[in-house]
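Dumped start35.tsv below, it's TSV, C-alpha atoms (C1' of nucleotides):
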chain	number	residue	atom	x	y	z
A	1	MET	CA	-7.85	-1.13	32.48
A	2	PRO	CA	-8.98	0.45	29.19
A	3	ASP	CA	-11.95	2.76	29.36
A	4	SER	CA	-14.94	2.64	27.02
A	5	ASN	CA	-13.19	4.81	24.39
A	6	ASP	CA	-10.42	2.32	24.01
A	7	VAL	CA	-10.64	-0.46	21.50
A	8	GLU	CA	-8.50	-3.22	22.77
A	9	ARG	CA	-6.80	-5.33	20.14
A	10	CYS	CA	-3.55	-7.16	20.50
A	11	GLY	CA	-3.45	-5.69	23.95
A	12	PHE	CA	-1.75	-2.45	22.99
A	13	LEU	CA	-3.27	-0.40	20.26
A	14	PHE	CA	-5.72	2.26	21.34
A	15	VAL	CA	-4.86	1.67	24.96
A	16	HIS	CA	-3.15	5.00	24.85
A	17	GLN	CA	-5.37	7.19	22.77
A	18	ASP	CA	-3.03	10.16	22.87
A	19	THR	CA	-0.17	8.26	21.26
A	20	VAL	CA	-2.46	7.05	18.52
A	21	ARG	CA	-3.79	10.55	17.98
A	22	GLN	CA	-0.26	11.91	17.84
A	23	VAL	CA	0.80	9.32	15.26
A	24	THR	CA	-2.29	9.94	13.17
A	25	GLU	CA	-2.03	13.71	13.35
A	26	GLN	CA	1.56	14.03	12.21
A	27	MET	CA	1.08	11.55	9.37
A	28	PRO	CA	1.12	13.45	6.05
A	29	GLU	CA	-1.69	12.99	3.58
A	30	ASP	CA	-1.68	9.85	1.50
A	31	GLU	CA	-0.79	11.63	-1.72
A	32	LYS	CA	2.33	13.10	-0.20
A	33	LEU	CA	3.44	9.74	1.16
A	34	TYR	CA	2.88	8.26	-2.27
A	35	ASP	CA	4.93	11.00	-3.93
A	36	LEU	CA	7.70	10.52	-1.40
A	37	ALA	CA	7.84	6.81	-2.15
A	38	GLU	CA	7.93	7.63	-5.86
A	39	LEU	CA	10.90	9.91	-5.29
A	40	PHE	CA	12.86	7.25	-3.45
A	41	LYS	CA	11.91	4.73	-6.11
A	42	VAL	CA	13.80	6.88	-8.61
A	43	PHE	CA	16.94	6.57	-6.48
A	44	GLY	CA	16.31	2.87	-6.07
A	45	ASP	CA	18.12	1.61	-9.13
A	46	SER	CA	21.87	1.23	-9.48
A	47	THR	CA	21.94	2.46	-13.07
A	48	ARG	CA	20.23	5.67	-12.09
A	49	ILE	CA	22.51	6.05	-9.07
A	50	LYS	CA	25.50	5.70	-11.35
A	51	ILE	CA	24.16	8.32	-13.70
A	52	LEU	CA	23.63	10.72	-10.81
A	53	TYR	CA	27.13	10.10	-9.50
A	54	ALA	CA	28.56	10.76	-12.96
A	55	LEU	CA	26.74	14.09	-12.97
A	56	PHE	CA	28.22	15.00	-9.59
A	57	GLU	CA	31.39	16.18	-11.27
A	58	ALA	CA	30.35	17.32	-14.69
A	59	GLU	CA	27.53	18.11	-17.05
A	60	LEU	CA	27.42	15.25	-19.55
A	61	CYS	CA	25.58	14.38	-22.72
A	62	VAL	CA	23.63	11.15	-23.17
A	63	CYS	CA	26.34	9.52	-25.26
A	64	ASP	CA	29.02	10.47	-22.72
A	65	ILE	CA	27.09	8.81	-19.93
A	66	ALA	CA	26.48	5.71	-21.99
A	67	GLN	CA	30.16	5.30	-22.80
A	68	LEU	CA	31.32	6.17	-19.31
A	69	LEU	CA	29.06	3.60	-17.67
A	70	GLY	CA	29.13	0.98	-20.41
A	71	LEU	CA	25.44	1.20	-21.18
A	72	THR	CA	23.47	1.50	-24.39
A	73	GLN	CA	22.27	4.91	-25.48
A	74	SER	CA	18.69	3.71	-25.24
A	75	ALA	CA	19.00	2.47	-21.69
A	76	VAL	CA	20.53	5.76	-20.59
A	77	SER	CA	17.89	7.78	-22.37
A	78	HIS	CA	15.10	5.79	-20.73
A	79	GLN	CA	16.61	6.28	-17.30
A	80	LEU	CA	17.26	9.96	-17.86
A	81	ARG	CA	13.58	10.27	-18.61
A	82	VAL	CA	12.80	8.80	-15.19
A	83	LEU	CA	15.33	11.03	-13.48
A	84	LYS	CA	13.99	14.06	-15.30
A	85	SER	CA	10.39	13.36	-14.39
A	86	GLY	CA	11.51	13.07	-10.77
A	87	ARG	CA	13.15	16.48	-11.19
A	88	LEU	CA	16.55	15.10	-10.26
A	89	VAL	CA	18.29	16.10	-13.48
A	90	LYS	CA	17.69	18.82	-16.02
A	91	PRO	CA	18.51	18.91	-19.73
A	92	ARG	CA	20.23	21.65	-21.69
A	93	LYS	CA	19.98	21.33	-25.43
A	94	GLU	CA	22.85	22.42	-27.62
A	95	GLY	CA	22.30	21.58	-31.26
A	96	LYS	CA	21.67	17.89	-31.59
A	97	THR	CA	23.30	17.21	-28.25
A	98	VAL	CA	21.50	17.24	-24.90
A	99	PHE	CA	23.57	17.86	-21.79
A	100	TYR	CA	22.23	16.73	-18.46
A	101	SER	CA	23.12	18.07	-15.04
A	102	LEU	CA	21.82	17.67	-11.50
A	103	ALA	CA	18.60	19.58	-10.94
A	104	ASP	CA	19.38	20.78	-7.44
A	105	ASP	CA	21.35	20.10	-4.30
A	106	HIS	CA	18.81	17.73	-2.75
A	107	VAL	CA	20.22	15.06	-5.00
A	108	ARG	CA	23.69	15.41	-3.53
A	109	THR	CA	22.36	15.65	0.01
A	110	LEU	CA	20.11	12.63	-0.28
A	111	ILE	CA	22.80	10.47	-1.80
A	112	ALA	CA	25.31	11.61	0.79
A	113	GLN	CA	22.87	10.77	3.59
A	114	GLY	CA	22.22	7.39	2.04
A	115	MET	CA	25.92	6.70	1.79
A	116	GLU	CA	26.37	7.56	5.44
A	117	HIS	CA	23.79	4.98	6.37
A	118	ILE	CA	25.43	2.36	4.19
A	119	GLU	CA	28.89	3.00	5.54
A	120	GLU	CA	28.15	3.19	9.23
B	1	MET	CA	41.23	19.55	-32.17
B	2	PRO	CA	41.60	16.44	-30.00
B	3	ASP	CA	45.11	15.13	-29.46
B	4	SER	CA	46.15	11.51	-29.88
B	5	ASN	CA	45.11	10.61	-26.31
B	6	ASP	CA	41.57	11.62	-26.96
B	7	VAL	CA	39.03	9.17	-28.26
B	8	GLU	CA	36.42	11.14	-30.02
B	9	ARG	CA	32.89	9.77	-29.80
B	10	CYS	CA	29.71	11.76	-30.07
B	11	GLY	CA	31.98	14.74	-30.26
B	12	PHE	CA	32.35	15.26	-26.53
B	13	LEU	CA	33.41	12.33	-24.43
B	14	PHE	CA	37.11	11.95	-23.89
B	15	VAL	CA	37.81	15.34	-25.36
B	16	HIS	CA	38.61	16.50	-21.88
B	17	GLN	CA	40.48	13.66	-20.29
B	18	ASP	CA	40.68	15.36	-16.90
B	19	THR	CA	36.91	15.62	-16.55
B	20	VAL	CA	36.50	11.97	-17.42
B	21	ARG	CA	39.23	11.00	-15.00
B	22	GLN	CA	37.59	13.11	-12.28
B	23	VAL	CA	34.22	11.50	-12.88
B	24	THR	CA	35.71	8.03	-12.90
B	25	GLU	CA	37.86	8.59	-9.83
B	26	GLN	CA	35.13	9.87	-7.54
B	27	MET	CA	32.74	7.12	-8.59
B	28	PRO	CA	32.37	4.64	-5.71
B	29	GLU	CA	32.89	0.96	-6.33
B	30	ASP	CA	30.07	-0.93	-7.96
B	31	GLU	CA	29.10	-2.82	-4.84
B	32	LYS	CA	28.58	0.38	-2.88
B	33	LEU	CA	26.44	1.85	-5.62
B	34	TYR	CA	24.40	-1.31	-5.64
B	35	ASP	CA	23.95	-1.18	-1.86
B	36	LEU	CA	22.94	2.45	-2.06
B	37	ALA	CA	20.29	1.66	-4.65
B	38	GLU	CA	19.07	-1.17	-2.42
B	39	LEU	CA	18.72	1.25	0.48
B	40	PHE	CA	16.65	3.69	-1.53
B	41	LYS	CA	14.58	0.81	-2.84
B	42	VAL	CA	13.51	0.15	0.75
B	43	PHE	CA	12.20	3.71	1.01
B	44	GLY	CA	10.56	3.37	-2.38
B	45	ASP	CA	7.24	1.93	-1.30
B	46	SER	CA	4.37	3.88	0.20
B	47	THR	CA	3.47	1.15	2.69
B	48	ARG	CA	6.97	1.15	4.09
B	49	ILE	CA	7.04	4.95	4.15
B	50	LYS	CA	3.80	4.89	6.14
B	51	ILE	CA	5.24	2.42	8.60
B	52	LEU	CA	8.32	4.58	9.09
B	53	TYR	CA	6.19	7.67	9.62
B	54	ALA	CA	4.11	5.83	12.19
B	55	LEU	CA	7.31	4.97	14.04
B	56	PHE	CA	8.38	8.63	14.03
B	57	GLU	CA	6.21	9.26	17.06
B	58	ALA	CA	6.09	6.01	18.90
B	59	GLU	CA	7.40	2.50	19.25
B	60	LEU	CA	4.65	0.23	17.97
B	61	CYS	CA	3.97	-3.48	17.74
B	62	VAL	CA	3.11	-5.24	14.49
B	63	CYS	CA	-0.57	-5.43	15.26
B	64	ASP	CA	-0.67	-1.72	16.17
B	65	ILE	CA	0.84	-0.78	12.85
B	66	ALA	CA	-1.53	-3.02	10.95
B	67	GLN	CA	-4.58	-1.51	12.60
B	68	LEU	CA	-3.29	2.03	12.37
B	69	LEU	CA	-2.61	1.79	8.65
B	70	GLY	CA	-5.45	-0.55	7.72
B	71	LEU	CA	-3.19	-3.36	6.56
B	72	THR	CA	-3.12	-7.06	7.24
B	73	GLN	CA	-0.76	-8.41	9.87
B	74	SER	CA	1.01	-10.44	7.22
B	75	ALA	CA	1.63	-7.51	4.91
B	76	VAL	CA	3.06	-5.46	7.77
B	77	SER	CA	5.26	-8.31	8.93
B	78	HIS	CA	6.65	-8.83	5.44
B	79	GLN	CA	7.43	-5.14	5.10
B	80	LEU	CA	8.98	-4.91	8.54
B	81	ARG	CA	11.28	-7.69	7.46
B	82	VAL	CA	12.42	-5.55	4.52
B	83	LEU	CA	12.84	-2.49	6.73
B	84	LYS	CA	14.76	-4.52	9.29
B	85	SER	CA	17.13	-6.02	6.75
B	86	GLY	CA	17.82	-2.48	5.53
B	87	ARG	CA	18.59	-1.56	9.14
B	88	LEU	CA	15.91	1.11	9.18
B	89	VAL	CA	13.92	-0.35	12.07
B	90	LYS	CA	14.84	-2.52	15.02
B	91	PRO	CA	12.70	-4.98	16.98
B	92	ARG	CA	12.33	-5.31	20.73
B	93	LYS	CA	10.67	-8.45	21.90
B	94	GLU	CA	8.45	-8.40	24.96
B	95	GLY	CA	6.70	-11.68	25.54
B	96	LYS	CA	4.77	-12.61	22.46
B	97	THR	CA	4.73	-9.04	21.25
B	98	VAL	CA	7.43	-7.43	19.10
B	99	PHE	CA	7.79	-3.68	19.24
B	100	TYR	CA	9.47	-1.89	16.38
B	101	SER	CA	11.22	1.45	16.43
B	102	LEU	CA	13.40	3.48	14.09
B	103	ALA	CA	16.93	2.12	13.93
B	104	ASP	CA	18.70	5.49	13.80
B	105	ASP	CA	18.37	9.11	12.84
B	106	HIS	CA	19.31	8.64	9.20
B	107	VAL	CA	15.77	7.50	8.62
B	108	ARG	CA	14.35	10.78	9.84
B	109	THR	CA	16.95	12.81	7.97
B	110	LEU	CA	16.50	11.00	4.69
B	111	ILE	CA	12.73	11.24	4.80
B	112	ALA	CA	12.92	14.91	5.75
B	113	GLN	CA	15.24	15.61	2.82
B	114	GLY	CA	12.97	13.71	0.50
B	115	MET	CA	9.98	15.69	1.71
B	116	GLU	CA	11.84	18.93	1.07
B	117	HIS	CA	12.40	17.91	-2.51
B	118	ILE	CA	8.76	16.95	-2.95
B	119	GLU	CA	7.46	20.17	-1.48
B	120	GLU	CA	9.69	22.68	-3.19
C	1	DA	C1'	-1.07	-30.29	27.76
C	2	DT	C1'	-4.34	-27.33	25.15
C	3	DA	C1'	-6.09	-23.14	23.53
C	4	DA	C1'	-5.40	-18.53	22.37
C	5	DT	C1'	-2.60	-14.85	20.76
C	6	DA	C1'	1.26	-12.28	18.25
C	7	DT	C1'	4.34	-12.68	14.80
C	8	DA	C1'	6.91	-14.85	10.98
C	9	DT	C1'	7.27	-17.34	6.78
C	10	DG	C1'	6.42	-19.77	2.29
C	11	DA	C1'	4.01	-20.23	-2.06
C	12	DA	C1'	1.34	-18.10	-5.63
C	13	DC	C1'	-0.23	-14.37	-8.44
C	14	DA	C1'	-0.73	-9.87	-10.45
C	15	DA	C1'	1.59	-5.72	-11.25
C	16	DT	C1'	5.68	-3.06	-12.08
C	17	DC	C1'	10.09	-2.33	-14.16
C	18	DA	C1'	14.68	-2.14	-16.64
C	19	DA	C1'	16.99	-3.56	-20.69
C	20	DT	C1'	16.73	-4.50	-25.61
C	21	DC	C1'	15.56	-3.85	-30.27
C	22	DA	C1'	13.56	-1.32	-33.81
C	23	DT	C1'	12.25	2.94	-35.22
C	24	DA	C1'	10.96	7.91	-34.93
C	25	DT	C1'	12.25	12.81	-34.18
C	26	DG	C1'	15.15	16.53	-34.65
C	27	DT	C1'	19.54	18.80	-35.92
C	28	DT	C1'	23.66	19.53	-38.62
C	29	DT	C1'	26.52	18.85	-42.73
C	30	DG	C1'	27.59	17.99	-47.46
D	1	DC	C1'	17.37	17.54	-50.25
D	2	DA	C1'	19.88	13.56	-48.48
D	3	DA	C1'	23.00	11.48	-45.28
D	4	DA	C1'	24.83	11.32	-40.76
D	5	DC	C1'	24.35	11.85	-36.07
D	6	DA	C1'	22.34	12.48	-31.14
D	7	DT	C1'	18.50	11.54	-28.68
D	8	DA	C1'	13.74	9.92	-27.73
D	9	DT	C1'	10.10	6.62	-27.81
D	10	DG	C1'	7.20	2.37	-28.25
D	11	DA	C1'	6.73	-2.61	-27.86
D	12	DT	C1'	8.39	-6.79	-25.87
D	13	DT	C1'	10.34	-9.65	-22.43
D	14	DG	C1'	12.47	-11.56	-18.27
D	15	DA	C1'	12.97	-10.36	-13.62
D	16	DT	C1'	11.55	-8.30	-9.35
D	17	DT	C1'	8.08	-7.06	-6.04
D	18	DG	C1'	3.90	-6.38	-2.82
D	19	DT	C1'	-0.09	-8.58	-1.32
D	20	DT	C1'	-2.85	-12.50	-0.06
D	21	DC	C1'	-3.76	-16.89	1.92
D	22	DA	C1'	-2.40	-20.68	4.50
D	23	DT	C1'	0.47	-22.27	7.88
D	24	DA	C1'	4.45	-22.38	11.13
D	25	DT	C1'	6.72	-20.72	15.38
D	26	DA	C1'	6.76	-18.91	19.82
D	27	DT	C1'	4.79	-17.23	24.05
D	28	DT	C1'	1.17	-16.86	27.51
D	29	DA	C1'	-3.00	-18.42	29.93
D	30	DT	C1'	-6.32	-21.91	31.36

Conversion result in structure tokens:
Amino acid sequence: MPDSNDVERCGFLFVHQDTVRQVTEQMPEDEKLYDLAELFKVFGDSTRIKILYALFEAELCVCDIAQLLGLTQSAVSHQLRVLKSGRLVKPRKEGKTVFYSLADDHVRTLIAQGMEHIEE
Amino acid sequence: MPDSNDVERCGFLFVHQDTVRQVTEQMPEDEKLYDLAELFKVFGDSTRIKILYALFEAELCVCDIAQLLGLTQSAVSHQLRVLKSGRLVKPRKEGKTVFYSLADDHVRTLIAQGMEHIEE
DNA sequence: ATAATATATGAACAATCAATCATATGTTTG
DNA sequence: CAAACATATGATTGATTGTTCATATATTAT
């Protein structure tokens, strides 16, 4: 029987205060959860995934990527902007050309982990 | 100077046929890339991220999650449906109550990796 | 059987987003 | 300087998405 500290709703929640406290305590702050969702959102588009995969093997310029994936230059540029603001790719300017490469190894790791889940 | 096999566009692409071949060869099939994007899309919402975090510590029923996160039962149910179809959570029915828990460890790993990227 | 409870589902609406088109910026070449 | 080229950006549009509200389904209790 729940004691006076317990708020009984749907028969379960708050029946075990310690579990609730544990869940609440380990929950990161809202802003972090929001940022995390934003990060995954960047991965959540097949065009951007393709661009990242293309950059797995080589540094490529915008035009290269567009040709390789059969996309318009504009579409690629817009998506690179998203990837860049998520710090997943980084640009290197060389004259009028801009080469993009993966920003760090988290990109590879995350995609690899995702693939594992898909393929299991 | 590019040889006859090279198609010169924007000055770079197809200048090095081997790089292009390498990029093309390691690129997974379109359907897999699409599925991968779909998976990340599931992680790409702060409500769903919150639900997953709540399930890190404990198996919870729909009503528990709703109360814990200050959401309506309907909203939670709709999102659990998305998480379930992405095989990120699994239900366990007990009478009229349905308890949800994380489907496997990829969820934890992926979120942990994402957090690393956010926090660096 | 009826009421109460927990969850699921369908329709509707506002918000977000990716692609497109047109154009701007910036760099090199003649 | 003007033309050509690589990339970036802004506006628009069709499509997708998360929440809400109302209701349906399923299980338990009276």

Return as a PDB file with C-alpha atoms, in the coordinates of the input the residues belonging to chain A that are within 9 Å of chain D, counting only C-alpha atoms (C1' of nucleotides).
ATOM      1  CA  VAL A  62      23.630  11.150 -23.170  1.00  0.00           C
ATOM      2  CA  CYS A  63      26.340   9.520 -25.260  1.00  0.00           C
ATOM      3  CA  GLN A  73      22.270   4.910 -25.480  1.00  0.00           C
ATOM      4  CA  SER A  74      18.690   3.710 -25.240  1.00  0.00           C
ATOM      5  CA  SER A  77      17.890   7.780 -22.370  1.00  0.00           C
ATOM      6  CA  HIS A  78      15.100   5.790 -20.730  1.00  0.00           C
ATOM      7  CA  LYS A  96      21.670  17.890 -31.590  1.00  0.00           C
ATOM      8  CA  THR A  97      23.300  17.210 -28.250  1.00  0.00           C
ATOM      9  CA  VAL A  98      21.500  17.240 -24.900  1.00  0.00           C
TER      10      VAL A  98
END

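Considering all atoms listed in the file, the residue among B:Leu110, B:Leu88, B:Cys61, B:Leu68 positioned nearest to chain C is B:Cys61.
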
If we count only C-alpha atoms (C1' of nucleotides), which residues of chain A reach to within 10 Å of chain C? Please list them as an MDAnalysis selection string. chainID A and resid 10:11 45 47 71:72 74:76 78:79 94:97

Separation of atom CA of Thr109 of chain B from atom CA of Phe56 of chain B, in Å and rounded to one decimal: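 These atoms are spaced 11.3 Å apart.
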
Using all atoms listed in the file, find each residue in chain B having at least one atom no more than 9 Å away from chain A; report its shortest atom-to-atom pair and that distance in Å (one decimal), rows by chain then rising number, as a tab-separated table.
residue	atom	partner	partner_atom	distance
B:Arg9	CA	A:Cys63	CA	8.0
B:Cys10	CA	A:Cys63	CA	6.3
B:Phe12	CA	A:Asp64	CA	7.0
B:Leu13	CA	A:Asp64	CA	5.1
B:Phe14	CA	A:Asp64	CA	8.3
B:Thr19	CA	A:Ala58	CA	7.0
B:Val20	CA	A:Leu68	CA	8.0
B:Gln22	CA	A:Glu57	CA	7.0
B:Val23	CA	A:Glu57	CA	5.7
B:Thr24	CA	A:Ala54	CA	7.7
B:Gln26	CA	A:Glu57	CA	8.2
B:Met27	CA	A:Tyr53	CA	6.4
B:Pro28	CA	A:Tyr53	CA	8.5
B:Asp30	CA	A:Ser46	CA	8.6
B:Lys32	CA	A:Ile118	CA	8.0
B:Leu33	CA	A:Ser46	CA	6.0
B:Tyr34	CA	A:Ser46	CA	5.3
B:Asp35	CA	A:Ile118	CA	7.2
B:Leu36	CA	A:Gly114	CA	6.5
B:Ala37	CA	A:Gly44	CA	4.4
B:Glu38	CA	A:Gly44	CA	6.1
B:Leu39	CA	A:Gly44	CA	7.2
B:Phe40	CA	A:Gly44	CA	4.6
B:Lys41	CA	A:Gly44	CA	4.2
B:Val42	CA	A:Gly44	CA	7.9
B:Phe43	CA	A:Phe40	CA	5.7
B:Gly44	CA	A:Lys41	CA	4.2
B:Asp45	CA	A:Ala37	CA	5.0
B:Ser46	CA	A:Ala37	CA	5.1
B:Thr47	CA	A:Ala37	CA	8.6
B:Arg48	CA	A:Ala37	CA	8.5
B:Ile49	CA	A:Ala37	CA	6.6
B:Lys50	CA	A:Leu33	CA	7.0
B:Tyr53	CA	A:Met27	CA	6.4
B:Ala54	CA	A:Val23	CA	5.7
B:Leu55	CA	A:Val23	CA	7.9
B:Phe56	CA	A:Val23	CA	7.7
B:Glu57	CA	A:Val23	CA	5.7
B:Ala58	CA	A:Thr19	CA	7.1
B:Leu60	CA	A:Leu13	CA	8.3
B:Cys61	CA	A:Phe12	CA	7.8
B:Cys63	CA	A:Cys10	CA	6.3
B:Asp64	CA	A:Leu13	CA	5.0
B:Ile65	CA	A:Leu13	CA	8.5
B:Gln67	CA	A:Leu13	CA	7.9
B:Leu68	CA	A:Val20	CA	8.0
B:Arg87	CA	A:His117	CA	8.8
B:Thr97	CA	A:Cys10	CA	8.5
B:His106	CA	A:His117	CA	6.4
B:Val107	CA	A:His117	CA	8.7
B:Thr109	CA	A:Gln113	CA	7.6
B:Leu110	CA	A:Leu110	CA	6.4
B:Ile111	CA	A:Leu36	CA	8.0
B:Gln113	CA	A:Leu110	CA	6.5
B:Gly114	CA	A:Leu36	CA	6.4
B:Met115	CA	A:Leu36	CA	6.4
B:Glu116	CA	A:His106	CA	8.0
B:His117	CA	A:His106	CA	6.4
B:Ile118	CA	A:Leu36	CA	6.7
B:Glu119	CA	A:Lys32	CA	8.8
